[in-house]
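For reference, the structure discussed in these notes is given below.
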Amino acid sequence: MQLRIPGPTPCPPRVLEAMTRQMINHRGKDFAEILQSTTGLLQRFFNTKNDVYILTASGTGGMEAAVVNTLSPGDPVLAVTTGYFGERLATIASTYGAQVTRLDFPWGQPADPHAVSKALQKDPSIKAVFMVHNETSTGLTNPLAQLCQVVKEFDKLLVVDGISSMGSLEFKVDEWGIDVAITASQKGWMAPPGLAMASFSPRAWEAHARATMPRFYWDLALAKRFLDKGQTPFTPAVSTLYAMLAALELMDEEGQQSIIDRHQRVADAVRQGVKRLGLSLLPPEEFASNTVSAVLVPQGVDAKQLQGLMAQQGVILSGGQGALEGSTFRIGHLGWVTVEDAQIVLSVLESVLPRAGSAREAS
Ligand SMILES: Cc1ncc(COP(=O)(O)O)c(C=O)c1O
């Protein structure tokens, strides 16, 4: 089976084996070693010396934690959105009472650093900027280094959703000045769902000291206190943590740059193959993501039918998300994936496209 959705992603056998390990006392010495090793490896992959916390949650829990640990109700926030997940971050902030100004870009287009600069110039009261690095819904990677540079010029707190990019694409928390970076185990990390991971800078801690949004489960002050003694405040997803450590060890063996290069090669193969079939991607090619490709459904093709035919051949793809439902389908290529996997997906796509009513013959 080829599970090629943008998460959960397939897990290597060593990761699955790690999950079969018996439970241990989460207040004991063995657990402390696992938590500390996992946290240390995460810091290496985040490229940060900042604190990194592992929360029992999906990625959205990490997003919510980022909001409630840094803001007070009424705080002015700039939410840069380029798709479904940027909107979610904006929604979480406004749900907790932040005063959110949205800077929306059309779905499929990247965030423009000049526009972000203008928005920050226009409203000097903005306290924090929220953005998504890799917009999974549109298969687009925003120019994060440039965007971060703008936000830092204005000296704002910067929160980045790196859920579908971290561990797979270049992502430099310290160099780029990211105060809170969030990701989740089921994406490029090759582990099952269940853990959100977030880095928290000294500046984020300063914001935390003033932030009055309600928080209990997500309070990172508690997480910090417990991490210092090798624990989490609440019962953690022990099995997922075993898996995460095994996956990080595999990633460490492969090396960060090799992983980034492999994602580039796989994505290149997907993009070339898609073009060869006469199909187009939603975003401009220079911003096309190396972890997920959003492909426009050609005229005359039914997206659901296409996905169904692919599934019959053992290839599981995702449909379009939110406003893109029916008009795009998505191929996930993050985590445990090779060029050969991409070729299997493409050859199955080639064989089923005509049967899904493609107006265009594959050439
Ligand atoms: C960019 C991005 N942000 C947030 C999320 C939400 O994560 P979760 O579904 O783990 O809560 C996802 C999940 O697909 C994502 O890709």
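We name chains A, B, ... following the order of the structure tokens; residues begin at 1 in each chain, and ligands are numbered from 1 as shown.
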**Prompt:** Where does DSSP see alpha helix (DSSP H) in region 306-345 of chain A, if you list the residues as a PyMOL selection string?
**Reply:** chain A and resi 306-312+339-345
**Prompt:** Skipping near chain neighbours, those fewer than 3 positions away, what residues fall within 8 Å of Lys29 (chain A) using only C-alpha atoms, listed as a ChimeraX atom specification?
**Reply:** /A:32-33,230
**Request:** Find the residues around Gln186 (chain A) up to 9 Å (only C-alpha atoms counted), leave out those fewer than 3 positions away in its own chain, and share them as a ChimeraX atom specification.
**Result:** /A:6-11,58-59,164,189-195,335
**Message:** Could you pull out the strand (DSSP E) residues of region 89-275 of chain A, going by DSSP on the backbone, and write them as a PyMOL selection string?
**Reply:** chain A and resi 99-104+128-132+134-135+140-141+157-161+180-184+195-200
Mind dumping the selected residues with N, CA and C atoms as a compact mmCIF listing (two decimals), in the first residue's frame?
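Wrote selection.txt, looks like this:
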```
# COMPACT_ATOMS: atom_id res chain seq x y z
N GLN A 99 -7.19 40.28 19.11
CA GLN A 99 -7.76 41.16 18.09
C GLN A 99 -6.97 40.89 16.81
N VAL A 100 -7.57 40.05 15.95
CA VAL A 100 -6.81 39.53 14.81
C VAL A 100 -7.02 40.37 13.55
N THR A 101 -5.91 40.86 12.98
CA THR A 101 -5.97 41.47 11.65
C THR A 101 -5.46 40.42 10.69
N ARG A 102 -6.26 40.11 9.69
CA ARG A 102 -5.83 39.08 8.75
C ARG A 102 -5.21 39.69 7.52
N LEU A 103 -4.09 39.12 7.10
CA LEU A 103 -3.51 39.50 5.82
C LEU A 103 -3.63 38.24 4.95
N ASP A 104 -4.69 38.23 4.13
CA ASP A 104 -5.01 37.03 3.35
C ASP A 104 -4.41 37.09 1.95
N ALA A 128 2.10 40.37 17.80
CA ALA A 128 2.64 39.09 17.34
C ALA A 128 2.21 38.83 15.90
N VAL A 129 3.03 38.07 15.19
CA VAL A 129 2.69 37.69 13.81
C VAL A 129 2.62 36.17 13.74
N PHE A 130 1.53 35.68 13.13
CA PHE A 130 1.33 34.23 12.98
C PHE A 130 1.41 33.88 11.52
N MET A 131 2.10 32.82 11.19
CA MET A 131 2.11 32.36 9.80
C MET A 131 2.38 30.86 9.72
N VAL A 132 2.06 30.32 8.54
CA VAL A 132 2.27 28.90 8.28
C VAL A 132 3.42 28.78 7.28
N ASN A 134 4.56 25.82 5.61
CA ASN A 134 4.18 24.98 4.48
C ASN A 134 2.66 24.79 4.53
N GLU A 135 1.96 25.44 3.61
CA GLU A 135 0.49 25.39 3.63
C GLU A 135 0.05 24.09 2.96
N LEU A 140 1.93 24.51 -0.87
CA LEU A 140 2.80 25.67 -1.09
C LEU A 140 3.72 25.91 0.10
N THR A 141 4.97 26.24 -0.21
CA THR A 141 5.91 26.62 0.85
C THR A 141 6.15 28.12 0.78
N LEU A 157 6.82 39.44 18.07
CA LEU A 157 6.84 38.02 18.42
C LEU A 157 6.39 37.22 17.19
N LEU A 158 7.11 36.15 16.90
CA LEU A 158 6.82 35.40 15.65
C LEU A 158 6.48 33.94 15.96
N VAL A 159 5.27 33.57 15.55
CA VAL A 159 4.78 32.20 15.75
C VAL A 159 4.63 31.54 14.38
N VAL A 160 5.28 30.41 14.19
CA VAL A 160 5.23 29.75 12.88
C VAL A 160 4.72 28.31 13.02
N ASP A 161 3.70 28.00 12.23
CA ASP A 161 3.24 26.62 12.08
C ASP A 161 4.16 25.95 11.07
N VAL A 180 8.07 30.91 18.44
CA VAL A 180 7.37 29.65 18.71
C VAL A 180 7.24 28.92 17.37
N ALA A 181 7.77 27.71 17.31
CA ALA A 181 7.65 26.88 16.10
C ALA A 181 6.93 25.61 16.51
N ILE A 182 5.96 25.22 15.69
CA ILE A 182 5.10 24.09 16.06
C ILE A 182 5.14 23.02 14.97
N THR A 183 5.20 21.76 15.40
CA THR A 183 5.08 20.66 14.44
C THR A 183 4.36 19.48 15.10
N ALA A 184 4.19 18.39 14.36
CA ALA A 184 3.43 17.26 14.89
C ALA A 184 4.02 15.94 14.38
N LEU A 195 1.57 13.43 19.07
CA LEU A 195 2.43 14.40 19.74
C LEU A 195 2.54 15.69 18.93
N ALA A 196 2.41 16.80 19.64
CA ALA A 196 2.74 18.11 19.05
C ALA A 196 4.05 18.52 19.70
N MET A 197 4.89 19.18 18.94
CA MET A 197 6.17 19.62 19.48
C MET A 197 6.29 21.12 19.23
N ALA A 198 6.74 21.85 20.23
CA ALA A 198 6.83 23.30 20.07
C ALA A 198 8.10 23.83 20.71
N SER A 199 8.80 24.72 19.99
CA SER A 199 9.94 25.40 20.61
C SER A 199 9.47 26.75 21.13
N PHE A 200 10.13 27.22 22.15
CA PHE A 200 9.68 28.41 22.86
C PHE A 200 10.92 29.22 23.22
```
**Message:** Set the distance at 8 Å and use only C-alpha atoms: which residues neighbour Ser318 (chain A) once local chain neighbours fewer than 2 positions away are removed? I'd like the list as a list in words.
**Reply:**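 Final neighbour list, sorted by chain and number: Arg4, Ile5, Pro6, Gln307, Ile316, Gly320, Phe329, Arg330, Ile331 and Gly332 of chain A.
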How about saving the chosen residues, C-alpha atoms kept, as a PDB file, in the first residue's frame?
```
ATOM      1  CA  ARG A   4       0.501   9.189   0.185  1.00  0.00           C
ATOM      2  CA  ILE A   5      -1.535  11.667   2.145  1.00  0.00           C
ATOM      3  CA  PRO A   6       0.179  14.601   3.857  1.00  0.00           C
ATOM      4  CA  GLN A 307      -9.138   8.987  -5.527  1.00  0.00           C
ATOM      5  CA  ILE A 316      -4.141   6.546  -1.068  1.00  0.00           C
ATOM      6  CA  GLY A 320      -8.747  19.110  -1.827  1.00  0.00           C
ATOM      7  CA  PHE A 329      -6.157  16.443  -5.115  1.00  0.00           C
ATOM      8  CA  ARG A 330      -3.010  16.125  -3.024  1.00  0.00           C
ATOM      9  CA  ILE A 331      -0.069  13.770  -3.081  1.00  0.00           C
ATOM     10  CA  GLY A 332       1.794  13.630   0.220  1.00  0.00           C
TER      11      GLY A 332
END
```
**Message:** Given only C-alpha atoms as the basis, pick out the residue of A:Gly319, A:Glu17, A:Leu71, A:Glu254 nearest to His208 (chain A).
**Reply:** A:Leu71
Quick one: everything within 7 Å of Leu144 (chain A), counting only C-alpha atoms, minus sequence neighbours fewer than 3 positions away in the same chain. Send it as a tab-separated table (two decimals) with N, CA and C atoms, in the first residue's frame.
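Below is the file out.tsv, written as the result:
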```
chain	number	residue	atom	x	y	z
A	133	HIS	N	4.38	27.95	7.58
A	133	HIS	CA	5.50	27.78	6.64
A	133	HIS	C	5.04	27.05	5.39
A	147	LEU	N	10.22	36.18	5.16
A	147	LEU	CA	9.10	36.63	5.99
A	147	LEU	C	9.57	36.88	7.43
A	148	CYS	N	10.40	35.96	7.92
A	148	CYS	CA	10.91	36.10	9.30
A	148	CYS	C	11.74	37.38	9.40
```
**Request:** Please measure the separation of CA of Phe105 (chain A) and CA of Thr136 (chain A), giving the value in Å to one decimal.
**Result:** 14.7 Å
